[in-house]
$ cat my_file-v2.csv   # CSV, C-alpha atoms and all ligand atoms
chain,number,residue,atom,x,y,z
A,1,MET,CA,68.7,-139.5,68.0
A,2,GLU,CA,65.6,-140.6,69.9
A,3,ASN,CA,62.8,-142.0,67.8
A,4,ILE,CA,60.5,-138.9,68.2
A,5,ASN,CA,57.9,-137.9,65.7
A,6,TRP,CA,58.8,-134.2,66.1
A,7,ALA,CA,56.2,-132.8,63.7
A,8,GLU,CA,53.4,-134.5,65.6
A,9,LEU,CA,54.4,-133.5,69.2
A,10,PRO,CA,51.6,-132.2,71.3
A,11,PHE,CA,52.1,-129.5,73.9
A,12,GLY,CA,52.5,-131.8,76.9
A,13,TYR,CA,54.8,-133.5,79.4
A,14,PHE,CA,57.6,-135.5,77.8
A,15,LYS,CA,60.2,-137.3,79.9
A,16,THR,CA,63.7,-136.1,79.2
A,17,ASP,CA,66.9,-137.2,80.8
A,18,TYR,CA,67.8,-134.5,83.3
A,19,ASN,CA,66.3,-131.7,85.4
A,20,VAL,CA,68.3,-129.1,87.3
A,21,ARG,CA,67.6,-128.0,90.9
A,22,SER,CA,68.8,-125.5,93.5
A,23,TYR,CA,67.7,-125.3,97.1
A,24,PHE,CA,67.4,-122.2,99.3
A,25,LYS,CA,68.2,-123.0,102.9
A,26,ASN,CA,69.8,-121.1,105.8
A,27,GLY,CA,69.7,-117.9,103.7
A,28,LYS,CA,71.5,-119.1,100.6
A,29,TRP,CA,71.0,-120.9,97.3
A,30,SER,CA,72.8,-124.2,96.7
A,31,GLU,CA,75.0,-125.1,93.7
A,32,LEU,CA,73.0,-126.5,90.8
A,33,ASP,CA,72.1,-130.1,91.4
A,34,VAL,CA,71.6,-132.3,88.2
A,35,CYS,CA,68.8,-134.9,88.7
A,36,THR,CA,67.3,-137.7,86.7
A,37,ASP,CA,64.5,-138.2,89.2
A,38,GLU,CA,61.1,-136.8,88.0
A,39,ALA,CA,59.8,-136.7,91.6
A,40,ILE,CA,60.3,-134.3,94.5
A,41,THR,CA,60.2,-135.2,98.1
A,42,MET,CA,59.0,-132.5,100.4
A,43,HIS,CA,57.6,-131.8,103.9
A,44,MET,CA,53.9,-132.4,104.0
A,45,ALA,CA,53.5,-128.9,105.6
A,46,ALA,CA,55.4,-127.2,102.7
A,47,THR,CA,53.9,-123.8,102.0
A,48,CYS,CA,53.5,-124.6,98.2
A,49,LEU,CA,51.0,-127.3,99.2
A,50,HIS,CA,49.0,-125.2,101.6
A,51,TYR,CA,49.3,-121.6,100.9
A,52,GLY,CA,50.1,-121.4,97.2
A,53,GLN,CA,53.7,-120.3,97.6
A,54,GLN,CA,54.7,-121.3,94.1
A,55,ALA,CA,55.4,-119.6,90.7
A,56,PHE,CA,56.6,-120.9,87.4
A,57,GLU,CA,57.9,-119.7,84.0
A,58,GLY,CA,57.7,-120.9,80.4
A,59,LEU,CA,60.3,-120.3,77.7
A,60,LYS,CA,61.5,-122.0,74.6
A,61,ALA,CA,64.8,-123.1,73.0
A,62,PHE,CA,65.0,-123.6,69.2
A,63,ARG,CA,67.3,-125.4,66.9
A,64,GLY,CA,68.4,-122.8,64.4
A,65,ILE,CA,68.9,-123.1,60.7
A,66,ASP,CA,72.6,-123.1,61.4
A,67,GLY,CA,72.3,-126.0,63.9
A,68,LYS,CA,72.8,-123.8,66.9
A,69,ILE,CA,70.4,-123.7,69.9
A,70,ARG,CA,68.8,-120.4,70.7
A,71,MET,CA,66.9,-119.5,73.9
A,72,PHE,CA,64.4,-116.7,73.5
A,73,ARG,CA,64.6,-113.8,75.9
A,74,LEU,CA,65.9,-115.8,78.8
A,75,GLU,CA,66.7,-112.8,81.0
A,76,GLU,CA,63.1,-111.5,80.8
A,77,ASN,CA,61.8,-114.8,82.2
A,78,ALA,CA,64.4,-114.6,85.0
A,79,LYS,CA,63.1,-111.1,85.9
A,80,ARG,CA,59.5,-112.2,85.7
A,81,LEU,CA,60.0,-115.1,88.1
A,82,ALA,CA,61.6,-112.7,90.5
A,83,HIS,CA,58.5,-110.5,90.1
A,84,SER,CA,56.2,-113.5,90.8
A,85,ALA,CA,58.4,-114.5,93.8
A,86,HIS,CA,58.0,-111.1,95.2
A,87,GLY,CA,54.2,-111.3,94.6
A,88,VAL,CA,53.7,-114.3,96.9
A,89,MET,CA,56.6,-113.5,99.2
A,90,MET,CA,59.0,-116.2,98.1
A,91,GLU,CA,62.8,-116.0,98.0
A,92,PRO,CA,63.6,-114.7,94.5
A,93,VAL,CA,66.0,-116.8,92.4
A,94,PRO,CA,69.0,-114.6,91.5
A,95,LEU,CA,68.9,-113.8,87.7
A,96,ASP,CA,72.3,-115.4,87.1
A,97,LEU,CA,71.2,-118.6,88.8
A,98,PHE,CA,68.0,-118.8,86.8
A,99,MET,CA,69.9,-118.3,83.5
A,100,GLU,CA,72.6,-120.8,84.4
A,101,ALA,CA,70.0,-123.4,85.4
A,102,CYS,CA,68.1,-122.9,82.1
A,103,LYS,CA,71.2,-123.2,80.0
A,104,LYS,CA,72.3,-126.3,81.8
A,105,ALA,CA,68.9,-128.0,81.5
A,106,VAL,CA,69.0,-127.4,77.7
A,107,LYS,CA,72.6,-128.5,77.3
A,108,LEU,CA,72.1,-131.7,79.3
A,109,ASN,CA,69.0,-132.5,77.2
A,110,GLU,CA,70.4,-131.3,73.9
A,111,LYS,CA,69.2,-134.4,72.1
A,112,PHE,CA,65.6,-133.4,72.9
A,113,VAL,CA,65.8,-130.0,71.1
A,114,PRO,CA,63.7,-130.6,68.0
A,115,PRO,CA,65.4,-130.3,64.7
A,116,HIS,CA,65.0,-127.1,62.7
A,117,GLY,CA,62.1,-127.1,60.4
A,118,THR,CA,59.9,-129.5,62.4
A,119,GLY,CA,57.8,-126.7,64.0
A,120,ALA,CA,58.5,-128.0,67.4
A,121,ALA,CA,60.7,-126.5,70.2
A,122,LEU,CA,62.1,-127.4,73.6
A,123,TYR,CA,59.9,-125.9,76.3
A,124,LEU,CA,61.5,-125.0,79.6
A,125,ARG,CA,59.5,-125.0,82.7
A,126,PRO,CA,61.3,-123.3,85.6
A,127,LEU,CA,59.4,-123.8,88.9
A,128,LEU,CA,59.9,-122.1,92.3
A,129,ILE,CA,58.1,-123.6,95.3
A,130,GLY,CA,58.0,-123.0,99.1
A,131,THR,CA,59.3,-126.2,100.5
A,132,GLY,CA,59.8,-125.1,104.1
A,133,GLU,CA,57.1,-126.1,106.5
A,134,GLN,CA,54.6,-123.6,108.0
A,135,VAL,CA,51.2,-124.3,109.5
A,136,GLY,CA,50.4,-120.6,110.2
A,137,VAL,CA,49.9,-118.5,107.2
A,138,ARG,CA,53.5,-117.3,106.7
A,139,PRO,CA,56.1,-117.4,104.0
A,140,ALA,CA,58.5,-120.4,104.1
A,141,THR,CA,62.1,-120.1,104.9
A,142,GLU,CA,63.1,-122.8,102.5
A,143,TYR,CA,62.6,-122.9,98.7
A,144,THR,CA,63.2,-125.3,95.8
A,145,PHE,CA,63.9,-124.1,92.3
A,146,ILE,CA,63.7,-126.7,89.4
A,147,VAL,CA,64.0,-126.4,85.7
A,148,PHE,CA,62.7,-129.3,83.6
A,149,VAL,CA,62.3,-129.4,79.8
A,150,CYS,CA,60.0,-131.1,77.3
A,151,PRO,CA,60.0,-131.1,73.5
A,152,VAL,CA,56.6,-129.6,72.5
A,153,GLY,CA,54.5,-128.8,69.5
A,154,PRO,CA,51.8,-126.1,69.3
A,155,TYR,CA,49.7,-125.3,72.3
A,156,PHE,CA,46.5,-124.9,70.3
A,157,LYS,CA,46.2,-128.0,68.1
A,158,THR,CA,45.3,-126.0,65.0
A,159,GLY,CA,48.8,-124.4,65.0
A,160,PHE,CA,48.8,-121.1,63.1
A,161,LYS,CA,45.1,-121.3,62.1
A,162,PRO,CA,42.3,-119.2,63.5
A,163,VAL,CA,40.6,-120.5,66.6
A,164,LYS,CA,37.3,-119.6,68.3
A,165,MET,CA,37.4,-118.1,71.8
A,166,GLN,CA,34.6,-117.5,74.3
A,167,ILE,CA,34.0,-114.5,76.5
A,168,VAL,CA,32.6,-115.5,79.9
A,169,ARG,CA,31.0,-113.4,82.5
A,170,ASP,CA,30.3,-115.9,85.2
A,171,TYR,CA,34.0,-116.5,86.2
A,172,ASP,CA,36.9,-114.2,87.0
A,173,ARG,CA,40.5,-115.1,86.5
A,174,ALA,CA,42.2,-112.5,88.7
A,175,ALA,CA,41.1,-109.6,90.9
A,176,PRO,CA,42.1,-106.0,90.0
A,177,LEU,CA,44.6,-105.8,92.9
A,178,GLY,CA,45.2,-109.5,93.1
A,179,THR,CA,47.8,-111.9,91.6
A,180,GLY,CA,47.1,-111.5,87.9
A,181,THR,CA,50.5,-110.1,87.0
A,182,TYR,CA,52.3,-113.0,88.8
A,183,LYS,CA,52.7,-116.4,87.1
A,184,VAL,CA,51.4,-118.3,90.0
A,185,GLY,CA,49.4,-121.5,90.0
A,186,GLY,CA,46.4,-120.0,91.7
A,187,ASN,CA,45.6,-117.9,88.6
A,188,TYR,CA,45.5,-121.1,86.5
A,189,ALA,CA,43.4,-122.9,89.2
A,190,ALA,CA,40.9,-120.0,89.0
A,191,SER,CA,40.7,-120.4,85.3
A,192,LEU,CA,40.1,-124.1,85.1
A,193,GLN,CA,36.3,-124.3,85.4
A,194,ALA,CA,35.7,-121.7,82.7
A,195,SER,CA,38.4,-123.2,80.5
A,196,VAL,CA,37.2,-126.8,80.6
A,197,ARG,CA,33.7,-125.6,80.1
A,198,SER,CA,34.6,-123.5,77.1
A,199,GLN,CA,36.5,-126.5,75.5
A,200,THR,CA,33.5,-128.7,76.0
A,201,GLU,CA,31.4,-126.0,74.3
A,202,GLY,CA,33.8,-126.1,71.3
A,203,PHE,CA,36.2,-123.2,72.0
A,204,ALA,CA,40.0,-123.2,72.1
A,205,SER,CA,40.0,-120.9,75.1
A,206,VAL,CA,38.3,-118.4,77.3
A,207,LEU,CA,38.7,-114.7,76.9
A,208,PHE,CA,38.5,-113.3,80.4
A,209,LEU,CA,37.2,-109.8,81.1
A,210,ASP,CA,38.4,-107.5,83.8
A,211,ALA,CA,36.9,-108.6,87.1
A,212,LYS,CA,35.7,-105.2,88.3
A,213,GLU,CA,33.6,-103.8,85.5
A,214,LYS,CA,33.3,-106.8,83.2
A,215,ARG,CA,33.8,-104.4,80.4
A,216,TYR,CA,37.4,-104.7,79.2
A,217,ILE,CA,39.3,-107.6,77.7
A,218,ASP,CA,41.9,-109.0,80.0
A,219,GLU,CA,43.6,-112.3,79.3
A,220,ALA,CA,43.2,-114.8,76.4
A,221,GLY,CA,43.4,-118.0,78.6
A,222,PRO,CA,47.1,-118.8,78.8
A,223,ALA,CA,48.1,-115.9,76.5
A,224,ASN,CA,47.7,-112.2,76.1
A,225,PHE,CA,45.2,-110.7,73.7
A,226,PHE,CA,46.1,-108.3,70.8
A,227,ALA,CA,44.1,-106.9,67.9
A,228,ILE,CA,44.9,-105.1,64.6
A,229,LYS,CA,42.8,-102.1,63.6
A,230,GLY,CA,44.0,-100.4,60.5
A,231,ASN,CA,47.6,-99.4,61.2
A,232,GLU,CA,47.4,-100.1,65.0
A,233,TYR,CA,48.6,-103.0,67.1
A,234,ILE,CA,46.3,-102.8,70.1
A,235,THR,CA,46.7,-104.8,73.3
A,236,PRO,CA,45.1,-104.4,76.8
A,237,ARG,CA,46.6,-102.3,79.5
A,238,SER,CA,45.5,-104.0,82.7
A,239,HIS,CA,46.8,-104.6,86.2
A,240,SER,CA,45.5,-108.2,86.3
A,241,ILE,CA,47.3,-109.8,83.3
A,242,LEU,CA,50.6,-111.4,82.9
A,243,ARG,CA,53.2,-109.2,81.2
A,244,SER,CA,53.7,-111.5,78.2
A,245,ILE,CA,57.3,-111.6,76.9
A,246,THR,CA,55.9,-112.6,73.5
A,247,ASN,CA,53.6,-109.6,73.5
A,248,MET,CA,56.4,-107.3,74.5
A,249,SER,CA,58.4,-108.7,71.5
A,250,LEU,CA,55.4,-108.3,69.1
A,251,ARG,CA,55.0,-104.7,70.2
A,252,GLU,CA,58.6,-104.1,69.1
A,253,LEU,CA,58.2,-106.0,65.9
A,254,ALA,CA,54.9,-104.2,65.1
A,255,ALA,CA,56.6,-100.8,65.7
A,256,ASP,CA,59.5,-101.9,63.5
A,257,MET,CA,56.9,-102.8,60.8
A,258,GLY,CA,55.6,-99.3,61.0
A,259,LEU,CA,52.5,-100.0,63.0
A,260,THR,CA,51.4,-97.8,65.8
A,261,VAL,CA,51.5,-99.7,69.1
A,262,VAL,CA,48.7,-98.9,71.5
A,263,GLU,CA,48.3,-100.3,75.1
A,264,ARG,CA,45.0,-99.3,76.6
A,265,PRO,CA,41.9,-100.9,78.0
A,266,ILE,CA,39.9,-102.6,75.3
A,267,ALA,CA,36.1,-102.6,75.7
A,268,VAL,CA,34.3,-105.7,74.5
A,269,GLU,CA,32.1,-103.9,72.0
A,270,GLU,CA,35.3,-102.6,70.2
A,271,LEU,CA,35.8,-106.1,69.0
A,272,ALA,CA,33.3,-105.3,66.2
A,273,ASP,CA,35.8,-102.7,64.8
A,274,PHE,CA,38.9,-104.9,64.7
A,275,ASP,CA,40.4,-106.3,61.5
A,276,GLU,CA,42.3,-109.0,63.2
A,277,ALA,CA,42.5,-110.6,66.6
A,278,GLY,CA,45.0,-112.9,68.2
A,279,ALA,CA,46.4,-114.5,71.3
A,280,CYS,CA,50.2,-114.5,72.0
A,281,GLY,CA,52.4,-116.3,74.4
A,282,THR,CA,55.4,-118.7,74.6
A,283,ALA,CA,53.1,-121.8,74.3
A,284,ALA,CA,50.5,-120.1,72.0
A,285,VAL,CA,53.2,-118.3,69.9
A,286,ILE,CA,50.7,-116.3,67.9
A,287,THR,CA,47.3,-117.9,67.6
A,288,PRO,CA,45.0,-116.0,65.3
A,289,ILE,CA,41.4,-115.7,66.6
A,290,GLY,CA,38.8,-116.1,63.9
A,291,GLU,CA,35.7,-115.7,66.1
A,292,ILE,CA,34.9,-114.5,69.6
A,293,VAL,CA,31.5,-115.5,71.1
A,294,ASP,CA,30.2,-113.6,74.1
A,295,ARG,CA,28.6,-116.5,75.9
A,296,GLU,CA,26.1,-114.5,78.1
A,297,GLU,CA,25.4,-111.6,75.8
A,298,ARG,CA,25.0,-114.1,72.8
A,299,ILE,CA,27.0,-111.9,70.4
A,300,SER,CA,29.6,-113.2,68.0
A,301,TYR,CA,32.5,-111.2,66.6
A,302,LYS,CA,34.3,-112.4,63.5
A,303,PHE,CA,37.6,-111.4,62.1
A,304,GLY,CA,38.7,-111.7,58.5
A,305,GLU,CA,38.0,-114.4,56.1
A,306,GLU,CA,36.9,-117.7,57.7
A,307,GLY,CA,39.8,-120.1,58.3
A,308,VAL,CA,42.5,-117.6,57.1
A,309,ALA,CA,45.0,-115.9,59.4
A,310,GLY,CA,45.1,-112.1,59.0
A,311,LYS,CA,47.9,-110.5,57.0
A,312,VAL,CA,49.5,-108.6,59.9
A,313,ALA,CA,49.3,-111.5,62.4
A,314,THR,CA,51.0,-113.6,59.7
A,315,GLU,CA,53.8,-111.2,59.2
A,316,LEU,CA,54.4,-110.8,62.9
A,317,TYR,CA,54.4,-114.6,63.3
A,318,ASN,CA,56.9,-115.0,60.4
A,319,ARG,CA,59.2,-112.4,61.8
A,320,LEU,CA,59.1,-113.7,65.3
A,321,ARG,CA,59.7,-117.3,64.3
A,322,ALA,CA,62.5,-116.4,61.9
A,323,ILE,CA,64.4,-114.6,64.7
A,324,GLN,CA,63.8,-117.5,67.1
A,325,LYS,CA,65.1,-120.0,64.5
A,326,GLY,CA,68.1,-117.9,63.5
A,327,GLU,CA,66.8,-117.4,59.9
A,328,ILE,CA,67.0,-113.6,60.0
A,329,GLU,CA,69.2,-111.2,62.0
A,330,ASP,CA,68.4,-111.0,65.7
A,331,LYS,CA,68.5,-107.2,65.6
A,332,PHE,CA,66.9,-106.8,69.0
A,333,ASN,CA,69.4,-109.1,70.6
A,334,TRP,CA,66.7,-111.5,72.0
A,335,ASN,CA,68.5,-114.8,71.6
A,336,THR,CA,70.9,-116.5,73.9
A,337,ILE,CA,73.0,-119.0,71.9
A,338,ILE,CA,73.9,-122.1,73.8
A,339,GLU,CA,77.5,-123.0,73.2
B,1,LIG,N1,49.2,-114.9,79.9
B,1,LIG,C1,49.2,-116.0,80.6
B,1,LIG,C2,48.1,-116.2,81.6
B,1,LIG,C3,50.1,-117.0,80.4
B,1,LIG,O1,50.1,-118.1,81.1
B,1,LIG,C4,51.1,-116.8,79.5
B,1,LIG,C5,52.2,-117.7,79.2
B,1,LIG,O2,53.3,-117.6,79.7
B,1,LIG,C6,51.1,-115.6,78.8
B,1,LIG,C7,50.1,-114.6,79.0
B,1,LIG,C8,52.2,-115.3,77.7
B,1,LIG,O3,53.4,-114.9,78.3
B,1,LIG,P1,54.7,-115.1,77.6
B,1,LIG,O4,54.6,-114.5,76.2
B,1,LIG,O5,55.7,-114.5,78.4
B,1,LIG,O6,54.9,-116.6,77.5
B,2,LIG,C1,53.5,-120.4,78.5
B,2,LIG,O1,53.1,-120.0,77.4
B,2,LIG,O2,54.7,-120.6,78.7
B,2,LIG,C2,52.6,-120.8,79.5
B,2,LIG,O3,52.9,-120.9,80.6
B,2,LIG,C3,51.2,-121.1,79.1
B,2,LIG,C4,50.5,-122.3,79.7
B,2,LIG,C5,51.0,-123.6,79.2
B,2,LIG,C6,50.4,-122.2,81.2

$ encode --input "my_file-v2.csv" --output "structure tokens"
Amino acid sequence: MENINWAELPFGYFKTDYNVRSYFKNGKWSELDVCTDEAITMHMAATCLHYGQQAFEGLKAFRGIDGKIRMFRLEENAKRLAHSAHGVMMEPVPLDLFMEACKKAVKLNEKFVPPHGTGAALYLRPLLIGTGEQVGVRPATEYTFIVFVCPVGPYFKTGFKPVKMQIVRDYDRAAPLGTGTYKVGGNYAASLQASVRSQTEGFASVLFLDAKEKRYIDEAGPANFFAIKGNEYITPRSHSILRSITNMSLRELAADMGLTVVERPIAVEELADFDEAGACGTAAVITPIGEIVDREERISYKFGEEGVAGKVATELYNRLRAIQKGEIEDKFNWNTIIE
């Protein structure tokens, strides 16, 4: 196998052998095209370049303890890309085509799936872009769908160790009736200034508040927010956050562990009452939050013992990872095994 230091992999681009593409033209999607080229050629008036007609997904494949490759909740990502496509008026990728493309991209790059026990995974990045030309503000009639893969390590360098996050009040990520529930690049563009600033100020990520009232917790940078209070798993209900598939899974695991799952708006001042806080997502997995600093209000909220992940977050993390890596029964039927 490749000479890769799996345990030290960052979360970043890594060249693999193949990517898989399909093109929507004249009202239909093409057969899957297997490419070795990392570049795309497109019309300079493509709508993805001008009017933000693009959306992406993120999911992982794991090498299990039995040597088999498992993809986590593939169909949920297929559905969410269709939701995002609808949001910015793109041609949705049929669910079967999405799943076939992902499986093919993993299979073709099998040697890049990190070995079991290294802590790394193969990250899949499906991407849908408007490649037809328009100069007026209108949806394209042609689209390109690509799936590429990269072996990756943890998104937050600390791995499963508590991080510090920063509440900001001088930037918004997504408007209440805007694009926050879609996984479109514009949301990430809108988050960049605040994110880069928070990193230079020593934080792992920004914690965005709802844009309307600046009162409720919305999104933990590239992840959803959750908290533990007594026997409750609490996570924001909001119309401007991404519906995280990891969060959806943690809610099921939490309920299975006997916790009460609560989805409701979470006011900032409630942070003072939480036992544990965390961020969750495909890239972030579960990242415990040790401290949240409200930048403008100059208030700091701390959770648990310094430097130590909370008990419940740790149990959720262990259960989630064990299912993903085939170490315990996949009782919710979340994995797709690649044959
Ligand atoms: N929120 C945002 C803004 C994200 O980019 C992600 C990553 O995909 C998530 C939440 C977590 O979603 P998921 O668990 O489906 O990866
Ligand atoms: C993911 O967790 O899959 C993400 O997309 C987060 C980030 C890298 C954008």

$ residues_near_ligand --input "my_file-v2.csv" --ligand "ligand LIG 1 (chain B)" --cutoff "8 Å" --atoms "only C-alpha atoms and all ligand atoms" --output "list in words"
Glu57, Gly58, Leu59, Asn77, Gly180, Lys183, Asn187, Tyr188, Glu219, Ala220, Gly221, Pro222, Ala223, Asn224, Ile241, Leu242, Arg243, Ser244, Ile245, Thr246, Asn247, Met248, Cys280, Gly281, Thr282, Ala283, Ala284 and Val285 of chain A

$ closest_residue --input "my_file-v2.csv" --among "A:Ala254, A:Ile40, A:Val262, A:Val149" --to "A:Asp17" --atoms "all atoms listed in the file"
A:Val149

$ closest_residue --input "my_file-v2.csv" --among "A:Ala175, A:Ala322, A:Ala45, A:Leu122" --to "ligand LIG 2 (chain B)" --atoms "all atoms listed in the file"
A:Leu122

$ atom_distance --input "my_file-v2.csv" --atom1 "atom CA of A:Leu192" --atom2 "atom O1 of ligand LIG 2 (chain B)"
15.7 Å

$ closest_residue --input "my_file-v2.csv" --among "A:Ala174, A:Val152, A:Leu95, A:Ala277" --to "ligand LIG 2 (chain B)" --atoms "all atoms listed in the file"
A:Val152

$ atom_distance --input "my_file-v2.csv" --atom1 "atom CA of A:Ile129" --atom2 "atom CA of A:Met99"
17.5 Å

$ residues_around --input "my_file-v2.csv" --residues "A:Cys48" --least-positions-apart "4" --cutoff "8 Å" --atoms "all atoms listed in the file" --output "PyMOL selection string"
chain A and resi 52-54+129-131

$ atom_distance --input "my_file-v2.csv" --atom1 "atom CA of A:Gly326" --atom2 "atom CA of A:Leu253"
15.7 Å

$ closest_residue --input "my_file-v2.csv" --among "A:Ala55, A:Met90, A:Ala255, A:Val34" --to "ligand LIG 2 (chain B)" --atoms "all atoms listed in the file"
A:Ala55

$ closest_residue --input "my_file-v2.csv" --among "A:Gly185, A:Gly310, A:Pro151, A:Gly178" --to "ligand LIG 2 (chain B)" --atoms "all atoms listed in the file"
A:Gly185

$ residues_around --input "my_file-v2.csv" --residues "A:Val168" --least-positions-apart "2" --cutoff "9 Å" --atoms "all atoms listed in the file" --output "mmCIF file with C-alpha atoms, keeping the file's coordinate frame"
data_model
loop_
_atom_site.group_PDB
_atom_site.id
_atom_site.type_symbol
_atom_site.label_atom_id
_atom_site.label_comp_id
_atom_site.auth_asym_id
_atom_site.auth_seq_id
_atom_site.Cartn_x
_atom_site.Cartn_y
_atom_site.Cartn_z
ATOM 1 C CA GLN A 166 34.600 -117.500 74.300
ATOM 2 C CA ASP A 170 30.300 -115.900 85.200
ATOM 3 C CA TYR A 171 34.000 -116.500 86.200
ATOM 4 C CA ASP A 172 36.900 -114.200 87.000
ATOM 5 C CA ALA A 194 35.700 -121.700 82.700
ATOM 6 C CA SER A 198 34.600 -123.500 77.100
ATOM 7 C CA VAL A 206 38.300 -118.400 77.300
ATOM 8 C CA LEU A 207 38.700 -114.700 76.900
ATOM 9 C CA PHE A 208 38.500 -113.300 80.400
ATOM 10 C CA LEU A 209 37.200 -109.800 81.100
ATOM 11 C CA VAL A 293 31.500 -115.500 71.100
ATOM 12 C CA ASP A 294 30.200 -113.600 74.100
ATOM 13 C CA ARG A 295 28.600 -116.500 75.900
ATOM 14 C CA GLU A 296 26.100 -114.500 78.100
#

$ closest_residue --input "my_file-v2.csv" --among "A:Lys157, A:His43, A:His83, A:Lys60" --to "ligand LIG 2 (chain B)" --atoms "all atoms listed in the file"
A:Lys60

$ residues_near_point --input "my_file-v2.csv" --point "(71.3, -120.7, 86.3)" --cutoff "10 Å" --atoms "only C-alpha atoms" --output "list in words"
Val20, Arg21, Ser22, Glu31, Leu32, Ala78, Val93, Pro94, Leu95, Asp96, Leu97, Phe98, Met99, Glu100, Ala101, Cys102, Lys103, Lys104, Ala105 and Val147 of chain A

$ residues_near_point --input "my_file-v2.csv" --point "(61.7, -127.4, 79.9)" --cutoff "6 Å" --atoms "all atoms listed in the file" --output "list in words"
Tyr123, Leu124, Arg125, Phe148, Val149 and Cys150 of chain A
